[in-house]
file structure_6.cif (mmCIF, C-alpha atoms)
data_protein
loop_
_atom_site.label_atom_id
_atom_site.label_comp_id
_atom_site.auth_asym_id
_atom_site.auth_seq_id
_atom_site.Cartn_x
_atom_site.Cartn_y
_atom_site.Cartn_z
CA MET A 1 34.83 -21.96 -35.53
CA ASP A 2 34.59 -22.06 -31.75
CA LYS A 3 32.02 -24.75 -31.13
CA GLU A 4 33.38 -25.79 -27.72
CA LYS A 5 30.58 -26.47 -25.32
CA SER A 6 30.68 -24.09 -22.38
CA ILE A 7 29.56 -25.75 -19.17
CA VAL A 8 30.65 -23.04 -16.74
CA PRO A 9 32.27 -19.60 -17.11
CA ASN A 10 36.10 -19.58 -17.17
CA GLN A 11 36.28 -23.23 -18.15
CA ILE A 12 39.59 -24.48 -19.54
CA GLY A 13 38.41 -27.93 -20.51
CA TYR A 14 35.76 -30.53 -19.86
CA LEU A 15 35.11 -34.25 -19.97
CA VAL A 16 31.83 -36.14 -19.80
CA LEU A 17 32.23 -39.81 -18.89
CA LYS A 18 29.87 -42.73 -18.67
CA ASP A 19 29.73 -44.48 -15.31
CA ASP A 20 32.10 -47.15 -16.65
CA GLY A 21 34.71 -44.49 -17.48
CA ALA A 22 34.15 -44.27 -21.24
CA VAL A 23 34.64 -40.74 -22.61
CA LEU A 24 31.39 -39.45 -24.11
CA GLU A 25 32.40 -35.84 -24.73
CA SER A 26 35.51 -33.76 -24.22
CA GLY A 27 36.83 -30.34 -25.09
CA GLY A 28 39.41 -27.65 -24.41
CA GLU A 29 42.54 -28.77 -22.55
CA LEU A 30 40.89 -32.05 -21.66
CA LYS A 31 40.06 -32.99 -25.26
CA ASN A 32 40.55 -36.75 -25.67
CA ASP A 33 42.38 -36.78 -22.34
CA GLU A 34 41.93 -40.43 -21.43
CA HIS A 35 44.72 -40.24 -18.86
CA SER A 36 42.79 -37.71 -16.77
CA ALA A 37 39.62 -39.74 -17.26
CA ASN A 38 41.34 -42.89 -15.94
CA VAL A 39 42.87 -41.06 -12.97
CA ILE A 40 39.50 -39.57 -12.03
CA MET A 41 37.74 -42.94 -12.35
CA GLY A 42 40.35 -44.35 -9.95
CA LEU A 43 39.69 -41.43 -7.62
CA LEU A 44 35.93 -42.04 -7.71
CA ASN A 45 36.45 -45.69 -6.84
CA LEU A 46 38.54 -44.67 -3.84
CA THR A 47 36.07 -42.05 -2.61
CA GLU A 48 33.29 -44.64 -2.42
CA SER A 49 34.70 -46.04 0.77
CA ILE A 50 36.21 -43.14 2.67
CA ASP A 51 34.41 -43.66 5.97
CA GLU A 52 31.04 -45.38 6.18
CA SER A 53 30.13 -43.65 9.43
CA PHE A 54 30.88 -40.12 8.19
CA MET A 55 30.07 -40.35 4.49
CA PRO A 56 27.97 -43.39 3.56
CA ASN A 57 29.33 -45.37 0.60
CA SER A 58 28.72 -43.75 -2.79
CA SER A 59 27.09 -40.68 -1.21
CA CYS A 60 29.82 -38.33 -2.42
CA GLU A 61 28.09 -36.19 -5.07
CA ARG A 62 30.80 -33.69 -5.88
CA ILE A 63 34.57 -33.43 -5.73
CA THR A 64 36.83 -30.45 -6.27
CA ILE A 65 40.58 -30.62 -6.83
CA ASP A 66 42.06 -27.22 -6.20
CA TYR A 67 45.40 -26.02 -7.61
CA GLU A 68 46.80 -22.50 -7.45
CA GLU A 69 45.70 -21.29 -10.88
CA TYR A 70 42.77 -23.58 -11.64
CA TYR A 71 40.60 -26.29 -10.20
CA TYR A 72 38.74 -29.38 -11.33
CA SER A 73 35.11 -29.80 -10.42
CA ILE A 74 33.71 -33.33 -10.69
CA CYS A 75 29.97 -33.93 -10.45
CA MET A 76 27.98 -37.11 -10.75
CA SER A 77 24.53 -36.80 -12.30
CA ASN A 78 22.24 -39.11 -14.26
CA ARG A 79 24.89 -41.87 -14.46
CA ARG A 80 27.26 -39.43 -16.11
CA ILE A 81 30.43 -37.97 -14.66
CA TYR A 82 31.02 -34.32 -15.51
CA ILE A 83 34.59 -33.08 -15.11
CA VAL A 84 35.31 -29.41 -15.71
CA LYS A 85 38.69 -27.71 -15.41
CA ILE A 86 38.10 -24.09 -14.45
CA SER A 87 40.58 -21.23 -14.25
CA GLY A 88 40.95 -19.29 -11.00
CA SER A 89 41.27 -20.67 -7.52
CA GLN A 90 38.36 -21.37 -5.24
CA ASN A 91 40.19 -19.94 -2.28
CA GLY A 92 42.15 -16.99 -3.63
CA GLY A 93 45.22 -19.07 -4.43
CA ASN A 94 47.00 -18.34 -1.17
CA THR A 95 46.50 -21.57 0.68
CA THR A 96 49.29 -22.55 2.96
CA THR A 97 47.52 -25.36 4.75
CA ALA A 98 44.49 -27.53 4.19
CA THR A 99 42.96 -25.83 7.19
CA ALA A 100 43.20 -22.40 5.64
CA SER A 101 41.73 -23.53 2.35
CA SER A 102 38.84 -25.35 3.90
CA SER A 103 37.82 -22.55 6.19
CA SER A 104 38.21 -19.66 3.79
CA SER A 105 36.37 -21.13 0.86
CA ASN A 106 32.97 -22.00 2.28
CA SER A 107 31.05 -19.31 0.45
CA VAL A 108 32.83 -19.94 -2.83
CA TYR A 109 32.11 -23.65 -2.67
CA ASN A 110 28.42 -22.86 -2.33
CA ASP A 111 28.54 -20.54 -5.33
CA ALA A 112 30.23 -23.22 -7.41
CA SER A 113 27.65 -25.73 -6.26
CA ASP A 114 24.84 -23.44 -7.34
CA SER A 115 26.26 -22.84 -10.79
CA ALA A 116 27.06 -26.52 -11.35
CA GLY A 117 23.55 -27.44 -10.23
CA ALA A 118 22.07 -24.97 -12.67
CA VAL A 119 24.08 -26.40 -15.53
CA LEU A 120 23.20 -29.98 -14.72
CA ALA A 121 19.53 -29.28 -14.11
CA MET B 1 58.08 -35.64 18.96
CA GLU B 2 54.51 -35.11 17.76
CA THR B 3 53.75 -32.35 20.27
CA GLN B 4 53.78 -29.60 17.66
CA LEU B 5 51.65 -31.66 15.31
CA GLU B 6 49.16 -32.36 18.08
CA LYS B 7 48.92 -28.65 18.84
CA VAL B 8 48.18 -27.79 15.21
CA LEU B 9 45.57 -30.53 14.97
CA MET B 10 43.94 -29.42 18.23
CA ASP B 11 43.55 -25.93 16.74
CA THR B 12 42.23 -27.38 13.47
CA ALA B 13 39.71 -29.66 15.16
CA ALA B 14 38.47 -26.72 17.26
CA ARG B 15 37.59 -24.66 14.19
CA PRO B 16 33.91 -24.07 13.38
CA ASP B 17 32.12 -26.95 11.63
CA THR B 18 35.15 -29.23 11.96
CA VAL B 19 34.28 -32.73 13.12
CA GLY B 20 37.77 -34.20 13.22
CA ALA B 21 41.21 -34.04 11.67
CA LEU B 22 44.17 -36.36 11.25
CA VAL B 23 47.65 -36.42 9.79
CA ALA B 24 49.10 -39.46 8.03
CA ASN B 25 52.67 -40.24 7.08
CA ARG B 26 54.00 -41.36 3.69
CA GLN B 27 52.92 -44.94 4.36
CA GLY B 28 49.34 -43.89 5.12
CA LEU B 29 49.77 -44.56 8.85
CA CYS B 30 48.00 -42.19 11.20
CA LEU B 31 50.40 -39.94 13.14
CA VAL B 32 47.85 -37.93 15.10
CA ALA B 33 44.03 -37.82 15.06
CA LYS B 34 41.86 -35.32 16.91
CA GLY B 35 38.10 -35.07 17.18
CA ASP B 36 35.57 -37.54 15.84
CA ILE B 37 37.52 -39.19 13.02
CA ASP B 38 38.48 -42.83 12.57
CA PRO B 39 42.32 -43.14 12.45
CA ASN B 40 41.84 -45.84 9.81
CA VAL B 41 40.80 -43.10 7.36
CA SER B 42 44.51 -42.20 7.07
CA GLY B 43 45.11 -45.03 4.59
CA ILE B 44 42.31 -44.13 2.19
CA GLY B 45 43.10 -40.41 2.57
CA MET B 46 46.69 -41.08 1.56
CA ALA B 47 45.54 -43.25 -1.38
CA ILE B 48 43.23 -40.48 -2.61
CA ALA B 49 46.03 -37.90 -2.38
CA GLN B 50 48.38 -40.18 -4.32
CA GLN B 51 45.75 -40.83 -6.98
CA VAL B 52 45.13 -37.10 -7.45
CA ALA B 53 48.89 -36.48 -7.71
CA LYS B 54 48.79 -38.48 -10.99
CA LEU B 55 46.41 -35.91 -12.49
CA GLU B 56 49.02 -33.15 -12.76
CA PRO B 57 52.42 -34.84 -12.30
CA ASN B 58 54.27 -31.63 -13.25
CA SER B 59 52.53 -29.47 -10.68
CA THR B 60 54.90 -28.25 -7.97
CA VAL B 61 52.13 -27.19 -5.61
CA PRO B 62 50.05 -30.05 -4.19
CA ALA B 63 46.31 -29.95 -4.76
CA THR B 64 43.62 -29.56 -2.14
CA ILE B 65 40.91 -32.18 -2.58
CA CYS B 66 37.41 -31.65 -1.25
CA LEU B 67 34.71 -34.33 -1.26
CA TYR B 68 31.11 -33.18 -0.77
CA SER B 69 28.23 -35.21 0.55
CA GLY B 70 25.22 -33.14 1.60
CA ASN B 71 26.37 -30.83 4.37
CA LYS B 72 29.51 -32.92 4.97
CA ARG B 73 32.91 -32.26 3.51
CA CYS B 74 36.15 -34.12 3.57
CA VAL B 75 39.23 -32.01 2.82
CA ILE B 76 42.49 -33.77 1.93
CA LYS B 77 45.86 -32.18 1.34
CA ASN B 78 49.22 -33.81 0.83
CA ASP B 79 52.51 -31.94 0.89
CA GLY B 80 54.67 -34.85 -0.23
CA ARG B 81 55.64 -36.00 3.26
CA ILE B 82 52.43 -35.89 5.22
CA THR B 83 48.73 -35.95 4.36
CA ALA B 84 46.09 -34.04 6.29
CA VAL B 85 42.47 -35.19 6.32
CA ILE B 86 39.77 -32.93 7.78
CA PHE B 87 36.11 -33.89 8.23
CA LYS B 88 33.69 -30.98 8.29
CA GLN B 89 29.95 -30.82 8.79
CA LEU B 90 28.17 -27.56 8.08
CA THR B 91 25.62 -26.49 10.62
CA ALA B 92 22.49 -24.49 9.78
CA ASN B 93 24.17 -21.37 11.17
CA SER B 94 27.20 -21.57 8.89
CA ALA B 95 25.04 -22.36 5.85
CA THR B 96 22.92 -19.24 6.29
CA GLY B 97 25.93 -17.17 7.33
CA ASN B 98 27.43 -17.37 3.84
#

call {"tool": "encode", "arguments": {"input": "structure_6.cif", "output": "structure tokens"}}
result
Amino acid sequence: MDKEKSIVPNQIGYLVLKDDGAVLESGGELKNDEHSANVIMGLLNLTESIDESFMPNSSCERITIDYEEYYYSICMSNRRIYIVKISGSQNGGNTTTATASSSSSNSVYNDASDSAGAVLA
Amino acid sequence: METQLEKVLMDTAARPDTVGALVANRQGLCLVAKGDIDPNVSGIGMAIAQQVAKLEPNSTVPATICLYSGNKRCVIKNDGRITAVIFKQLTANSATGN
């Protein structure tokens, strides 16, 4: 009965969008979640122009949104946008400041990048 | 008034791989910026934090957002009153150190 596509281990839900924001596939907690799709498309539009001198326009290839119990990983590949909601925190769930989270999670970010790359390859 | 904030940002900007850091207020205006970061980023940083807040409106704990571009990262966190934006660039040393 369980035919949900598994993109990464511990996934709670996933969305695959076209580059215009149309939902191509969805599953788990994000099944038919057009609200999340719209919010993330708005986010992607904003991230295109963060700072031309630091990150050239449209060069952002991955985004993570980290909550205490789960995080969203958003990847752009082949004109598709892959959004996966994954249980567990990238930084141990004890972040008190942005500084702490950014510095403590370097190795975990790389791991996540490797697994996402493997899935998308 | 911003002395304490400046001290925290000085410490943050001095961390390994950190290029620059800033703090914006609720209006997206830059309060303090340290290191190599354009103070004008405060507006877009605030907008990104507000956009992400719509994703989980019932969440009590604000999210940490991280944008990746090659070896560069932009970390954004909003606590409801202020938004912190940190630019990081990984060096070869830190990449192999993991």

call {"tool": "resolve_selection", "arguments": {"input": "structure_6.cif", "expression": "the PyMOL selection byres ((chain B) within 8 of (chain A))", "output": "list in words"}}
result
Thr12, Asp38, Val41, Ile44, Gly45, Ala47, Ile48, Gln51, Val52, Lys54, Leu55, Val61, Pro62, Ala63, Thr64, Ile65, Cys66, Leu67, Tyr68, Ser69, Gly70, Lys72, Val75, Ile76, Lys77, Ala84, Ile86 and Asn98 of chain B

call {"tool": "atom_distance", "arguments": {"input": "structure_6.cif", "atom1": "CA of Gly21 in chain A", "atom2": "CA of Asp33 in chain A"}}
result
11.9 Å

call {"tool": "atom_distance", "arguments": {"input": "structure_6.cif", "atom1": "CA of Val32 in chain B", "atom2": "CA of Glu2 in chain B"}}
result
7.7 Å

call {"tool": "atom_distance", "arguments": {"input": "structure_6.cif", "atom1": "CA of Thr91 in chain B", "atom2": "CA of Pro39 in chain B"}}
result
23.7 Å

call {"tool": "residues_around", "arguments": {"input": "structure_6.cif", "residues": "Ser42 in chain B", "least_positions_apart": "6", "cutoff": "10 Å", "atoms": "all atoms listed in the file", "output": "ChimeraX atom specification"}}
result
/A:50 /B:21-25,27-33,48,83-85

call {"tool": "closest_residue", "arguments": {"input": "structure_6.cif", "among": "B:Arg73, B:Arg15, B:Arg81, B:Lys88", "to": "Met46 in chain B", "atoms": "only C-alpha atoms"}}
result
B:Arg81

call {"tool": "resolve_selection", "arguments": {"input": "structure_6.cif", "expression": "the PyMOL selection byres ((chain A and resi 13) around 8)", "output": "PyMOL selection string"}}
result
chain A and resi 11-12+14-15+26-31+84-86

call {"tool": "closest_residue", "arguments": {"input": "structure_6.cif", "among": "B:Cys74, B:Pro16, B:Asp79, B:Gln50", "to": "Ile37 in chain B", "atoms": "only C-alpha atoms"}}
result
B:Cys74

call {"tool": "decode", "arguments": {"input": "structure_6.cif", "residues": "range 29-51 of chain B", "atoms": "C-alpha atoms", "output": "mmCIF file, in the first residue's frame"}}
result
data_model
loop_
_atom_site.group_PDB
_atom_site.id
_atom_site.type_symbol
_atom_site.label_atom_id
_atom_site.label_comp_id
_atom_site.auth_asym_id
_atom_site.auth_seq_id
_atom_site.Cartn_x
_atom_site.Cartn_y
_atom_site.Cartn_z
ATOM 1 C CA LEU B 29 16.785 48.507 8.222
ATOM 2 C CA CYS B 30 20.366 47.633 9.067
ATOM 3 C CA LEU B 31 21.202 48.176 12.756
ATOM 4 C CA VAL B 32 24.814 47.019 12.701
ATOM 5 C CA ALA B 33 27.005 45.450 10.001
ATOM 6 C CA LYS B 34 30.479 44.016 10.505
ATOM 7 C CA GLY B 35 32.920 42.571 8.004
ATOM 8 C CA ASP B 36 32.524 42.490 4.242
ATOM 9 C CA ILE B 37 28.748 42.655 3.870
ATOM 10 C CA ASP B 38 26.612 45.262 2.133
ATOM 11 C CA PRO B 39 24.226 46.876 4.681
ATOM 12 C CA ASN B 40 21.601 46.947 1.919
ATOM 13 C CA VAL B 41 21.307 43.151 2.258
ATOM 14 C CA SER B 42 19.286 43.774 5.440
ATOM 15 C CA GLY B 43 16.117 44.443 3.420
ATOM 16 C CA ILE B 44 16.242 41.280 1.321
ATOM 17 C CA GLY B 45 17.350 39.245 4.361
ATOM 18 C CA MET B 46 14.307 40.463 6.274
ATOM 19 C CA ALA B 47 12.035 39.725 3.282
ATOM 20 C CA ILE B 48 13.387 36.172 3.039
ATOM 21 C CA ALA B 49 12.838 35.596 6.769
ATOM 22 C CA GLN B 50 9.265 36.895 6.511
ATOM 23 C CA GLN B 51 8.568 34.705 3.480
#
